[in-house]
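Notes to accompany the following structure.
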Amino acid sequence: MLVLALIAVLFAWSINYIVGKITLTHFTALTLASFRLQISALVLLSLYFSRRNRTPLNRRDLWTFAYLGFFGYAINQGGFVTGLSLTTSEHSVIIVALGPILILAMARAMGLETLTPGKVFGMLISFCGVILLETDSGSPLHSPLLLGDLISLAGTLGYSIYTVLAKRVARTYDTISINAFSATVGAIVWLPVALRQGGRLNWAGVGLPGWAGLLYMVLFSSVGGYLLFYWLLRHMEASRVVVVNYFQPVVVVLLSVPLLAERPTTRLLVSGVLVLLGVYLTEHASARERAQKSSVPQPAA
């Protein structure tokens, strides 16, 4: 059951890149990003209010959820869609794979993590992979995909900040509550854009594929994928759950060739290997550090 759930998350998030590129042929990036956030918030709030034992929002946590929603939804999901519209699905998934590295960097900046030689080595390998990725089309400064990659990186950074800061309320609120409150803030931030884009949209001209793609990105990625992912974290070791991070670029590349006619270059494949290797080495060093700390005998009370 757990393995099937892990596979479901892997394919839900991997297919999201392909669906996103196809859906962007029916919507502009701003329209898709803003509509996705509005519908995601409505779905999550519906799930939240449908529960009898829901956790009420404490006023003292309003500010916390304000910046969680800004970084985790407004920046992360807005950056993902906007970046995807300006780059390839292959570039996007490699950039997003940097998430664990950025989370570690944020945790270190906040004094929550220490940097060991093993972690630094892994981070350097990943960033070498990113630099190589940006030379895929020649000079990095003249790459036609550079802007999209930078926006994708900003979106990934937003999620990394969200992941670190969400620990402040993780013990008080359940997964649905945290995501519902955060998504609502993200939807409010993007609401003026959604209203403007809605007024300009040719609703009848979108077509079934466009609406189906939007609903997929909401139900299977924004809502279902994340809720299932956090459910898995409660029932499996984190080291097993994050395997999604390593296989996702592989699945996206394999799907992008027949479905999007994207052609991965040797340089792109090497850069992807370097990024994932760096992430693995960094997470392995972190896991080893945690194991060493837990094995240190504590003084008697």
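Chain lettering (A, B, ...) mirrors the order of the structure tokens, residue numbering begins at 1 for each chain separately, and ligand numbering begins at 1 in order of display.
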Which of range 139-232 of chain A counts as alpha helix (DSSP H) under DSSP, as a ChimeraX atom specification please? /A:146-165,175-200,208-216,224-232
Shell around Leu62 in chain A at 12 Å using only C-alpha atoms, local window under 2 positions removed, as a list of chain:residue names: A:Pro56, A:Leu57, A:Asn58, A:Arg59, A:Arg60, A:Thr64, A:Phe65, A:Ala66, A:Tyr67, A:Leu68, A:Gly69, A:Val169, A:Ile178, A:Phe181, A:Ser182, A:Thr184, A:Val185
Just C-alpha atoms for this one: save the residues we selected as a compact mmCIF listing (two decimals), in the first residue's frame.
```txt
# COMPACT_ATOMS: atom_id res chain seq x y z
CA PRO A 56 -9.17 26.09 14.50
CA LEU A 57 -6.89 28.90 13.39
CA ASN A 58 -5.28 30.72 16.31
CA ARG A 59 -4.99 34.46 15.87
CA ARG A 60 -1.39 34.44 17.05
CA THR A 64 3.02 32.77 10.42
CA PHE A 65 0.50 31.57 7.85
CA ALA A 66 0.78 34.88 6.00
CA TYR A 67 4.42 34.26 5.12
CA LEU A 68 3.90 30.50 4.72
CA GLY A 69 1.22 31.19 2.12
CA VAL A 169 3.22 25.23 13.31
CA ILE A 178 -1.52 24.03 7.22
CA PHE A 181 -4.55 28.25 5.47
CA SER A 182 -1.39 28.71 3.40
CA THR A 184 -5.79 30.76 1.05
CA VAL A 185 -3.09 33.37 1.56
```
Could you pull the residues within 10 Å of Thr28 in chain A, counting only C-alpha atoms, minus those fewer than 6 positions along the same chain, as a VMD selection string? chain A and resid 81 to 82 85 197 201
Convert the current residue selection to file output with N, CA and C atoms, as an mmCIF file, in the first residue's frame.
```cif
data_model
loop_
_atom_site.group_PDB
_atom_site.id
_atom_site.type_symbol
_atom_site.label_atom_id
_atom_site.label_comp_id
_atom_site.auth_asym_id
_atom_site.auth_seq_id
_atom_site.Cartn_x
_atom_site.Cartn_y
_atom_site.Cartn_z
ATOM 1 N N VAL A 81 4.755 27.646 -12.466
ATOM 2 C CA VAL A 81 4.021 27.786 -13.729
ATOM 3 C C VAL A 81 4.683 28.821 -14.638
ATOM 4 N N THR A 82 5.041 29.964 -14.065
ATOM 5 C CA THR A 82 5.662 31.020 -14.875
ATOM 6 C C THR A 82 7.005 30.560 -15.432
ATOM 7 N N SER A 85 6.688 28.059 -18.261
ATOM 8 C CA SER A 85 6.276 28.651 -19.544
ATOM 9 C C SER A 85 7.457 29.201 -20.328
ATOM 10 N N GLN A 197 -6.988 38.613 -15.341
ATOM 11 C CA GLN A 197 -6.853 37.622 -16.403
ATOM 12 C C GLN A 197 -8.207 37.013 -16.770
ATOM 13 N N LEU A 201 -9.886 36.781 -20.522
ATOM 14 C CA LEU A 201 -9.861 35.427 -21.079
ATOM 15 C C LEU A 201 -11.047 35.161 -22.007
#
```
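You can rank A:Leu259, A:Val223, A:Ile101, A:Leu233 by their closest distance to Gly278 in chain A using only C-alpha atoms, and at the top of that list sits A:Ile101.
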Might you pull out every residue within 12 Å of range 29-31 of chain A, with only C-alpha atoms counted and same-chain residues fewer than 5 positions away left off, and present them as a compact mmCIF listing (two decimals) with N, CA and C atoms, in the first residue's frame?
```txt
# COMPACT_ATOMS: atom_id res chain seq x y z
N GLY A 20 1.45 20.54 -17.47
CA GLY A 20 1.65 21.98 -17.37
C GLY A 20 2.05 22.60 -18.70
N LYS A 21 2.99 21.96 -19.40
CA LYS A 21 3.43 22.49 -20.69
C LYS A 21 2.30 22.47 -21.71
N ILE A 22 1.50 21.40 -21.70
CA ILE A 22 0.37 21.31 -22.63
C ILE A 22 -0.70 22.34 -22.28
N THR A 23 -0.99 22.49 -21.00
CA THR A 23 -2.03 23.44 -20.56
C THR A 23 -1.63 24.87 -20.87
N LEU A 24 -0.33 25.14 -20.86
CA LEU A 24 0.15 26.50 -21.17
C LEU A 24 -0.06 26.88 -22.63
N ARG A 36 -5.06 28.41 -10.91
CA ARG A 36 -4.68 27.22 -10.17
C ARG A 36 -4.67 27.50 -8.66
N LEU A 37 -4.17 28.64 -8.28
CA LEU A 37 -4.12 29.00 -6.86
C LEU A 37 -5.51 29.21 -6.28
N GLN A 38 -6.40 29.85 -7.03
CA GLN A 38 -7.76 30.09 -6.53
C GLN A 38 -8.50 28.77 -6.30
N ALA A 74 2.15 31.38 -3.13
CA ALA A 74 2.22 32.50 -4.07
C ALA A 74 3.53 32.46 -4.87
N GLN A 77 4.18 28.10 -6.28
CA GLN A 77 3.34 27.64 -7.40
C GLN A 77 3.29 28.66 -8.53
N GLY A 78 3.31 29.94 -8.17
CA GLY A 78 3.37 30.96 -9.22
C GLY A 78 4.67 30.88 -10.00
N GLY A 79 5.77 30.67 -9.28
CA GLY A 79 7.07 30.55 -9.93
C GLY A 79 7.18 29.31 -10.78
N PHE A 80 6.57 28.22 -10.31
CA PHE A 80 6.63 26.97 -11.08
C PHE A 80 5.98 27.13 -12.44
N VAL A 81 4.75 27.65 -12.47
CA VAL A 81 4.02 27.79 -13.73
C VAL A 81 4.68 28.82 -14.64
N THR A 82 5.04 29.96 -14.07
CA THR A 82 5.66 31.02 -14.87
C THR A 82 7.01 30.56 -15.43
N GLY A 83 7.80 29.91 -14.58
CA GLY A 83 9.09 29.40 -15.05
C GLY A 83 8.93 28.33 -16.11
N LEU A 84 7.96 27.44 -15.92
CA LEU A 84 7.73 26.37 -16.88
C LEU A 84 7.34 26.91 -18.25
N SER A 85 6.69 28.06 -18.26
CA SER A 85 6.28 28.65 -19.54
C SER A 85 7.46 29.20 -20.33
N LEU A 86 8.60 29.41 -19.65
CA LEU A 86 9.75 30.03 -20.29
C LEU A 86 10.95 29.08 -20.42
N THR A 87 10.78 27.83 -20.00
CA THR A 87 11.85 26.86 -20.11
C THR A 87 11.26 25.51 -20.49
N GLY A 148 13.54 31.56 -17.55
CA GLY A 148 12.62 30.55 -17.04
C GLY A 148 13.25 29.73 -15.94
N TRP A 190 -2.69 36.34 -5.25
CA TRP A 190 -2.86 36.26 -6.70
C TRP A 190 -4.27 36.63 -7.17
N LEU A 191 -5.17 36.97 -6.25
CA LEU A 191 -6.55 37.27 -6.64
C LEU A 191 -6.66 38.43 -7.62
N PRO A 192 -5.96 39.57 -7.42
CA PRO A 192 -6.06 40.65 -8.42
C PRO A 192 -5.64 40.20 -9.82
N VAL A 193 -4.62 39.34 -9.88
CA VAL A 193 -4.18 38.83 -11.18
C VAL A 193 -5.25 37.93 -11.78
N ALA A 194 -5.85 37.08 -10.95
CA ALA A 194 -6.90 36.18 -11.43
C ALA A 194 -8.10 36.96 -11.97
N LEU A 195 -8.48 38.02 -11.29
CA LEU A 195 -9.62 38.83 -11.74
C LEU A 195 -9.30 39.53 -13.06
N ARG A 196 -8.08 40.06 -13.17
CA ARG A 196 -7.70 40.74 -14.41
C ARG A 196 -7.63 39.75 -15.57
N GLN A 197 -6.99 38.61 -15.34
CA GLN A 197 -6.85 37.62 -16.40
C GLN A 197 -8.21 37.01 -16.77
N GLY A 198 -9.07 36.85 -15.77
CA GLY A 198 -10.40 36.33 -16.04
C GLY A 198 -11.21 37.25 -16.92
N GLY A 199 -11.01 38.56 -16.73
CA GLY A 199 -11.72 39.53 -17.55
C GLY A 199 -11.24 39.56 -18.99
N ARG A 200 -10.01 39.16 -19.21
CA ARG A 200 -9.43 39.18 -20.55
C ARG A 200 -9.55 37.84 -21.27
N LEU A 201 -9.89 36.78 -20.52
CA LEU A 201 -9.86 35.43 -21.08
C LEU A 201 -11.05 35.16 -22.01
N ASN A 202 -10.75 34.51 -23.10
CA ASN A 202 -11.80 34.01 -23.99
C ASN A 202 -12.22 32.64 -23.46
N TRP A 203 -13.20 32.61 -22.57
CA TRP A 203 -13.56 31.40 -21.85
C TRP A 203 -13.99 30.28 -22.80
N VAL A 206 -11.01 28.28 -24.63
CA VAL A 206 -10.01 27.48 -23.92
C VAL A 206 -10.06 26.02 -24.34
N GLY A 210 -7.62 22.32 -22.08
CA GLY A 210 -7.13 23.35 -21.17
C GLY A 210 -7.72 23.23 -19.78
N TRP A 211 -9.05 23.06 -19.70
CA TRP A 211 -9.71 22.93 -18.41
C TRP A 211 -9.32 21.64 -17.72
N LEU A 214 -5.86 22.13 -16.23
CA LEU A 214 -5.93 22.96 -15.02
C LEU A 214 -6.41 22.14 -13.84
```
Which residues are near Leu6 in chain A? Cut-off 8 Å, only C-alpha atoms, ignore same chain within fewer than 2 positions. Put them as JSON, numbers by chain. {"A": [2, 3, 4, 8, 9, 10, 229, 232, 241, 244]}
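Near range 106-112 of chain A, within 10 Å and counting only C-alpha atoms, sit Pro100, Leu157, Ser160, Ile161, Tyr162, Thr163, Val164 and Leu165 of chain A; same-chain residues fewer than 6 positions away were not included.
Nearest-residue note for Val273 in chain A: choosing from A:Leu153, A:Ser126, A:Ser286, A:Leu219, the minimum distance belongs to A:Ser126, counting only C-alpha atoms.
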Test item: residues at most 10 Å from Thr282 in chain A, only C-alpha atoms, excluding those fewer than 6 positions along its chain, as a list in words: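 Once the nearby chain positions are removed, what remains is Pro100, Ile101, Leu104, Leu115, Thr116, Pro117, Gly118, Lys119, Val120, Phe121, Gly122, Met123, Leu124, Ile125, Ser126, Leu276 and Arg288 of chain A.
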